[in-house]
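Engineer: Below is a structure I'd like to ask you about.
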2 protein chains.
Amino acid sequence: MTPNLFTDLPAVLPEELFTTLLQAPGVRIERIVSHGHKSPDGFWYDQDQAEWVLVLEGAATIELEDKTVEMGPGDYLDIPAHTKRRVAWTTSDELTIWLAVHYGEKN
Amino acid sequence: MTPNLFTDLPAVLPEELFTTLLQAPGVRIERIVSHGHKSPDGFWYDQDQAEWVLVLEGAATIELEDKTVEMGPGDYLDIPAHTKRRVAWTTSDELTIWLAVHYGEKN
């Protein structure tokens with residue numbers, strides 16, 4: 001049975017769901033499922049690895065230090081390491097399913 | 001404007017379409033669009049890098065040396081380096097859109 005990104009989705013999602021799909025040296029592929037979740041006010045991610053992120057379903061708004069990016073299905077964004085960002089909004093109307101590819105040396 | 005995987009799709013696709021979305025040391029993310037394309041009879045890919053592949057839309061059949069994998073939207077597959085495989089079939093009913101993450105040292 002081939003694993004599928006769109007299955008095993010919870011009916012209720014009190015917290016964002018993070019599932020590692022692939023882990024290898026220098027790369028980690030992760031599914032993230034959100035449902036109205038957003039980063040806490042004033043909280044900014046600052047990650048040691050770069051992250052390429054793709055929205056598969058749903059809708060979200062990402063804030064970077066210098067811009068705000070609205071994302072829907074098929075939209076993708078490359079975020080260099082140590083670029084501060086936060087998830088300002090995800091829709092409550094449906095699940096937002098992300099694919100994140102974390103890559104590069106941790107520095 | 002955020003780049004989008006599902007836009008800029010050709011109306012006619014005589015050859016498979018390969019578009020590199022991200023290129024970084026040790027990782028390359030690529031969109032592949034197929035429309036009834038398959039690997040030539042008897043042809044097997046044998047790649048120096050590992051490849052994690054996800055079907056976003058459409059339907060396809062991948063042959064590995066020891067098994068055949070039917071894939072639809074959301075299905076993903078990790079193919080180690082130097083694992084022989086071929087695309088046995090993609091649907092002619094619609095475009096098949098793949099996301100491929102090539103990763104690891106070339107060896």
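Lettering and numbering for the structure tokens are positional, with chains as A, B, ... in the shown order, residues counted from 1 in each chain, and ligands counted from 1 in the shown order.
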Please superimpose chain A upon chain B, fitting all C-alpha atoms matched one to one in order, and report the result as a compact mmCIF listing (two decimals) with N, CA and C atoms, in the first residue's frame.

Structural biologist:
```txt
# COMPACT_ATOMS: atom_id res chain seq x y z
N MET A 1 4.13 38.09 -6.33
CA MET A 1 3.28 36.97 -6.75
C MET A 1 3.96 35.66 -6.37
N THR A 2 3.25 34.85 -5.63
CA THR A 2 3.80 33.57 -5.20
C THR A 2 3.78 32.59 -6.37
N PRO A 3 4.88 31.92 -6.65
CA PRO A 3 4.84 30.93 -7.73
C PRO A 3 3.92 29.78 -7.37
N ASN A 4 3.33 29.18 -8.39
CA ASN A 4 2.33 28.13 -8.17
C ASN A 4 2.60 26.94 -9.09
N LEU A 5 2.51 25.78 -8.49
CA LEU A 5 2.77 24.52 -9.20
C LEU A 5 1.75 24.20 -10.28
N PHE A 6 0.54 24.71 -10.10
CA PHE A 6 -0.56 24.30 -10.97
C PHE A 6 -0.82 25.29 -12.08
N THR A 7 0.03 26.31 -12.18
CA THR A 7 -0.16 27.28 -13.25
C THR A 7 0.91 27.05 -14.32
N ASP A 8 0.81 27.81 -15.37
CA ASP A 8 1.74 27.70 -16.50
C ASP A 8 1.78 26.27 -17.04
N LEU A 9 0.63 25.64 -17.08
CA LEU A 9 0.57 24.30 -17.64
C LEU A 9 0.22 24.40 -19.12
N PRO A 10 0.96 23.72 -19.95
CA PRO A 10 0.72 23.82 -21.39
C PRO A 10 -0.57 23.11 -21.79
N ALA A 11 -1.20 23.62 -22.83
CA ALA A 11 -2.42 22.98 -23.35
C ALA A 11 -2.06 21.70 -24.10
N VAL A 12 -0.92 21.71 -24.73
CA VAL A 12 -0.47 20.53 -25.48
C VAL A 12 0.91 20.16 -24.95
N LEU A 13 1.12 18.88 -24.78
CA LEU A 13 2.33 18.44 -24.10
C LEU A 13 2.97 17.28 -24.88
N PRO A 14 3.68 17.62 -25.96
CA PRO A 14 4.27 16.53 -26.75
C PRO A 14 5.33 15.75 -25.98
N GLU A 15 6.05 16.44 -25.10
CA GLU A 15 7.05 15.77 -24.26
C GLU A 15 6.71 16.04 -22.80
N GLU A 16 7.17 15.18 -21.93
CA GLU A 16 7.04 15.48 -20.50
C GLU A 16 7.73 16.79 -20.20
N LEU A 17 7.18 17.51 -19.23
CA LEU A 17 7.70 18.83 -18.88
C LEU A 17 8.38 18.75 -17.52
N PHE A 18 9.65 19.13 -17.47
CA PHE A 18 10.44 19.09 -16.24
C PHE A 18 10.82 20.53 -15.86
N THR A 19 10.46 20.95 -14.67
CA THR A 19 10.74 22.30 -14.21
C THR A 19 11.40 22.24 -12.84
N THR A 20 12.61 22.76 -12.75
CA THR A 20 13.29 22.80 -11.45
C THR A 20 12.74 23.96 -10.63
N LEU A 21 12.23 23.66 -9.44
CA LEU A 21 11.63 24.68 -8.57
C LEU A 21 12.62 25.17 -7.52
N LEU A 22 13.53 24.29 -7.14
CA LEU A 22 14.56 24.66 -6.15
C LEU A 22 15.81 23.85 -6.45
N GLN A 23 16.95 24.53 -6.41
CA GLN A 23 18.23 23.85 -6.58
C GLN A 23 19.14 24.33 -5.47
N ALA A 24 19.60 23.41 -4.65
CA ALA A 24 20.51 23.75 -3.55
C ALA A 24 21.46 22.58 -3.37
N PRO A 25 22.55 22.78 -2.64
CA PRO A 25 23.47 21.66 -2.45
C PRO A 25 22.77 20.45 -1.85
N GLY A 26 22.83 19.33 -2.53
CA GLY A 26 22.26 18.09 -2.00
C GLY A 26 20.77 17.93 -2.16
N VAL A 27 20.09 18.91 -2.75
CA VAL A 27 18.64 18.77 -2.94
C VAL A 27 18.18 19.54 -4.17
N ARG A 28 17.32 18.90 -4.94
CA ARG A 28 16.70 19.58 -6.08
C ARG A 28 15.23 19.18 -6.10
N ILE A 29 14.36 20.19 -6.15
CA ILE A 29 12.92 19.95 -6.19
C ILE A 29 12.43 20.27 -7.59
N GLU A 30 11.67 19.36 -8.15
CA GLU A 30 11.30 19.44 -9.56
C GLU A 30 9.81 19.14 -9.71
N ARG A 31 9.16 19.89 -10.58
CA ARG A 31 7.81 19.53 -11.00
C ARG A 31 7.91 18.78 -12.33
N ILE A 32 7.19 17.69 -12.42
CA ILE A 32 7.14 16.93 -13.67
C ILE A 32 5.67 16.85 -14.08
N VAL A 33 5.41 17.15 -15.34
CA VAL A 33 4.04 17.06 -15.86
C VAL A 33 4.03 16.05 -17.00
N SER A 34 3.16 15.06 -16.85
CA SER A 34 3.03 13.99 -17.84
C SER A 34 1.60 13.99 -18.38
N HIS A 35 1.44 13.48 -19.57
CA HIS A 35 0.09 13.36 -20.15
C HIS A 35 0.08 12.14 -21.07
N GLY A 36 -0.07 11.01 -20.46
CA GLY A 36 -0.03 9.77 -21.23
C GLY A 36 1.39 9.29 -21.52
N HIS A 37 2.37 10.04 -21.04
CA HIS A 37 3.75 9.63 -21.31
C HIS A 37 4.14 8.44 -20.45
N LYS A 38 5.07 7.68 -20.94
CA LYS A 38 5.67 6.58 -20.15
C LYS A 38 7.09 6.40 -20.63
N SER A 39 7.84 5.66 -19.85
CA SER A 39 9.21 5.40 -20.24
C SER A 39 9.21 4.50 -21.48
N PRO A 40 10.19 4.66 -22.35
CA PRO A 40 10.25 3.77 -23.52
C PRO A 40 10.31 2.31 -23.08
N ASP A 41 9.75 1.44 -23.90
CA ASP A 41 9.79 0.01 -23.55
C ASP A 41 11.23 -0.43 -23.28
N GLY A 42 11.40 -1.13 -22.19
CA GLY A 42 12.72 -1.67 -21.87
C GLY A 42 13.68 -0.68 -21.26
N PHE A 43 13.24 0.60 -21.15
CA PHE A 43 14.13 1.62 -20.56
C PHE A 43 13.92 1.69 -19.06
N TRP A 44 15.01 1.70 -18.32
CA TRP A 44 14.96 1.83 -16.86
C TRP A 44 15.82 3.00 -16.44
N TYR A 45 15.26 3.87 -15.62
CA TYR A 45 16.07 4.91 -14.98
C TYR A 45 16.99 4.27 -13.95
N ASP A 46 18.19 4.80 -13.84
CA ASP A 46 19.14 4.36 -12.82
C ASP A 46 19.87 5.62 -12.39
N GLN A 47 19.42 6.24 -11.28
CA GLN A 47 19.87 7.59 -10.96
C GLN A 47 20.86 7.60 -9.80
N ASP A 48 21.76 8.56 -9.87
CA ASP A 48 22.83 8.69 -8.88
C ASP A 48 22.33 9.24 -7.55
N GLN A 49 21.20 9.93 -7.59
CA GLN A 49 20.63 10.46 -6.36
C GLN A 49 19.36 9.71 -6.00
N ALA A 50 19.05 9.70 -4.71
CA ALA A 50 17.75 9.19 -4.29
C ALA A 50 16.67 10.18 -4.74
N GLU A 51 15.44 9.69 -4.81
CA GLU A 51 14.33 10.54 -5.28
C GLU A 51 13.07 10.20 -4.48
N TRP A 52 12.51 11.24 -3.88
CA TRP A 52 11.22 11.11 -3.20
C TRP A 52 10.19 11.72 -4.14
N VAL A 53 9.18 10.95 -4.51
CA VAL A 53 8.25 11.43 -5.53
C VAL A 53 6.82 11.37 -5.00
N LEU A 54 6.07 12.41 -5.33
CA LEU A 54 4.69 12.57 -4.87
C LEU A 54 3.82 12.89 -6.09
N VAL A 55 2.69 12.19 -6.21
CA VAL A 55 1.73 12.54 -7.25
C VAL A 55 0.76 13.58 -6.69
N LEU A 56 0.65 14.71 -7.36
CA LEU A 56 -0.26 15.77 -6.92
C LEU A 56 -1.60 15.67 -7.63
N GLU A 57 -1.58 15.38 -8.91
CA GLU A 57 -2.81 15.21 -9.69
C GLU A 57 -2.56 14.11 -10.71
N GLY A 58 -3.64 13.47 -11.14
CA GLY A 58 -3.53 12.46 -12.18
C GLY A 58 -3.34 11.06 -11.64
N ALA A 59 -2.76 10.21 -12.45
CA ALA A 59 -2.58 8.81 -12.08
C ALA A 59 -1.42 8.23 -12.87
N ALA A 60 -0.67 7.35 -12.22
CA ALA A 60 0.52 6.79 -12.86
C ALA A 60 0.83 5.41 -12.28
N THR A 61 1.56 4.64 -13.03
CA THR A 61 2.08 3.36 -12.56
C THR A 61 3.59 3.38 -12.69
N ILE A 62 4.27 3.12 -11.57
CA ILE A 62 5.73 3.04 -11.57
C ILE A 62 6.13 1.58 -11.40
N GLU A 63 7.05 1.14 -12.23
CA GLU A 63 7.63 -0.20 -12.07
C GLU A 63 8.99 -0.09 -11.42
N LEU A 64 9.15 -0.82 -10.33
CA LEU A 64 10.47 -1.02 -9.75
C LEU A 64 10.89 -2.45 -10.11
N GLU A 65 12.12 -2.78 -9.75
CA GLU A 65 12.59 -4.11 -10.14
C GLU A 65 11.76 -5.22 -9.51
N ASP A 66 11.28 -4.95 -8.28
CA ASP A 66 10.62 -6.03 -7.54
C ASP A 66 9.13 -5.80 -7.31
N LYS A 67 8.61 -4.66 -7.80
CA LYS A 67 7.18 -4.43 -7.59
C LYS A 67 6.67 -3.34 -8.54
N THR A 68 5.35 -3.28 -8.60
CA THR A 68 4.68 -2.27 -9.41
C THR A 68 3.83 -1.43 -8.47
N VAL A 69 3.90 -0.11 -8.61
CA VAL A 69 3.22 0.78 -7.69
C VAL A 69 2.26 1.67 -8.47
N GLU A 70 0.98 1.60 -8.13
CA GLU A 70 -0.01 2.48 -8.75
C GLU A 70 -0.18 3.70 -7.87
N MET A 71 -0.11 4.86 -8.49
CA MET A 71 -0.10 6.10 -7.71
C MET A 71 -1.19 7.06 -8.17
N GLY A 72 -1.84 7.69 -7.19
CA GLY A 72 -2.81 8.74 -7.46
C GLY A 72 -2.51 9.92 -6.55
N PRO A 73 -3.37 10.92 -6.55
CA PRO A 73 -3.10 12.14 -5.79
C PRO A 73 -2.82 11.88 -4.31
N GLY A 74 -1.71 12.40 -3.85
CA GLY A 74 -1.31 12.25 -2.45
C GLY A 74 -0.37 11.08 -2.20
N ASP A 75 -0.30 10.15 -3.14
CA ASP A 75 0.60 9.01 -2.96
C ASP A 75 2.04 9.43 -3.14
N TYR A 76 2.90 8.94 -2.27
CA TYR A 76 4.32 9.26 -2.37
C TYR A 76 5.17 8.01 -2.21
N LEU A 77 6.39 8.09 -2.72
CA LEU A 77 7.26 6.93 -2.82
C LEU A 77 8.69 7.41 -2.71
N ASP A 78 9.47 6.72 -1.92
CA ASP A 78 10.90 7.03 -1.79
C ASP A 78 11.69 5.99 -2.57
N ILE A 79 12.52 6.46 -3.47
CA ILE A 79 13.27 5.56 -4.35
C ILE A 79 14.77 5.77 -4.10
N PRO A 80 15.44 4.81 -3.47
CA PRO A 80 16.87 4.97 -3.20
C PRO A 80 17.67 5.14 -4.50
N ALA A 81 18.86 5.74 -4.35
CA ALA A 81 19.75 5.87 -5.51
C ALA A 81 20.01 4.49 -6.11
N HIS A 82 20.12 4.46 -7.41
CA HIS A 82 20.46 3.24 -8.15
C HIS A 82 19.44 2.12 -7.98
N THR A 83 18.21 2.52 -7.66
CA THR A 83 17.10 1.57 -7.75
C THR A 83 16.49 1.73 -9.14
N LYS A 84 16.54 0.70 -9.90
CA LYS A 84 16.03 0.81 -11.27
C LYS A 84 14.50 0.95 -11.25
N ARG A 85 14.02 1.89 -12.06
CA ARG A 85 12.58 2.06 -12.15
C ARG A 85 12.22 2.67 -13.50
N ARG A 86 10.95 2.53 -13.84
CA ARG A 86 10.43 3.14 -15.06
C ARG A 86 8.99 3.56 -14.81
N VAL A 87 8.55 4.52 -15.59
CA VAL A 87 7.15 4.92 -15.55
C VAL A 87 6.43 4.06 -16.59
N ALA A 88 5.60 3.14 -16.09
CA ALA A 88 4.95 2.19 -17.00
C ALA A 88 3.72 2.80 -17.67
N TRP A 89 3.12 3.79 -16.99
CA TRP A 89 1.86 4.36 -17.50
C TRP A 89 1.57 5.67 -16.79
N THR A 90 1.06 6.64 -17.54
CA THR A 90 0.38 7.79 -16.93
C THR A 90 -0.93 7.97 -17.69
N THR A 91 -1.92 8.46 -16.99
CA THR A 91 -3.24 8.60 -17.61
C THR A 91 -3.24 9.60 -18.76
N SER A 92 -4.08 9.31 -19.76
CA SER A 92 -4.28 10.25 -20.86
C SER A 92 -5.49 11.15 -20.60
N ASP A 93 -6.22 10.86 -19.54
CA ASP A 93 -7.47 11.58 -19.27
C ASP A 93 -7.22 12.99 -18.76
N GLU A 94 -6.09 13.18 -18.11
CA GLU A 94 -5.76 14.48 -17.54
C GLU A 94 -4.25 14.54 -17.38
N LEU A 95 -3.76 15.70 -17.01
CA LEU A 95 -2.34 15.83 -16.72
C LEU A 95 -2.02 15.12 -15.40
N THR A 96 -0.87 14.50 -15.36
CA THR A 96 -0.33 13.99 -14.09
C THR A 96 0.78 14.94 -13.66
N ILE A 97 0.61 15.49 -12.47
CA ILE A 97 1.58 16.44 -11.93
C ILE A 97 2.30 15.78 -10.76
N TRP A 98 3.62 15.71 -10.88
CA TRP A 98 4.48 15.08 -9.87
C TRP A 98 5.32 16.16 -9.19
N LEU A 99 5.62 15.91 -7.95
CA LEU A 99 6.67 16.66 -7.29
C LEU A 99 7.78 15.66 -6.97
N ALA A 100 8.98 15.95 -7.42
CA ALA A 100 10.12 15.06 -7.16
C ALA A 100 11.16 15.81 -6.35
N VAL A 101 11.60 15.19 -5.26
CA VAL A 101 12.69 15.76 -4.47
C VAL A 101 13.89 14.83 -4.63
N HIS A 102 14.88 15.30 -5.38
CA HIS A 102 16.13 14.55 -5.57
C HIS A 102 17.05 14.95 -4.43
N TYR A 103 17.62 13.98 -3.76
CA TYR A 103 18.42 14.33 -2.59
C TYR A 103 19.58 13.37 -2.39
N GLY A 104 20.51 13.81 -1.57
CA GLY A 104 21.66 12.98 -1.22
C GLY A 104 22.83 13.22 -2.14
N GLU A 105 23.97 12.71 -1.73
CA GLU A 105 25.16 12.80 -2.56
C GLU A 105 24.94 12.01 -3.84
N LYS A 106 25.49 12.51 -4.91
CA LYS A 106 25.49 11.71 -6.14
C LYS A 106 26.58 10.65 -6.01
N ASN A 107 26.20 9.40 -6.15
CA ASN A 107 27.20 8.34 -6.01
C ASN A 107 26.88 7.17 -6.94
```

Engineer: Report the residues of chain B whose backbone DSSP state falls under strand (DSSP E or B), written as JSON, numbers by chain.

Structural biologist: {"B": [4, 17, 18, 19, 20, 21, 22, 23, 24, 27, 28, 29, 30, 31, 32, 33, 34, 45, 50, 51, 52, 53, 54, 55, 56, 57, 60, 61, 62, 63, 64, 68, 69, 70, 71, 75, 76, 77, 78, 79, 85, 86, 87, 88, 89, 90, 96, 97, 98, 99, 100, 101, 102, 103]}
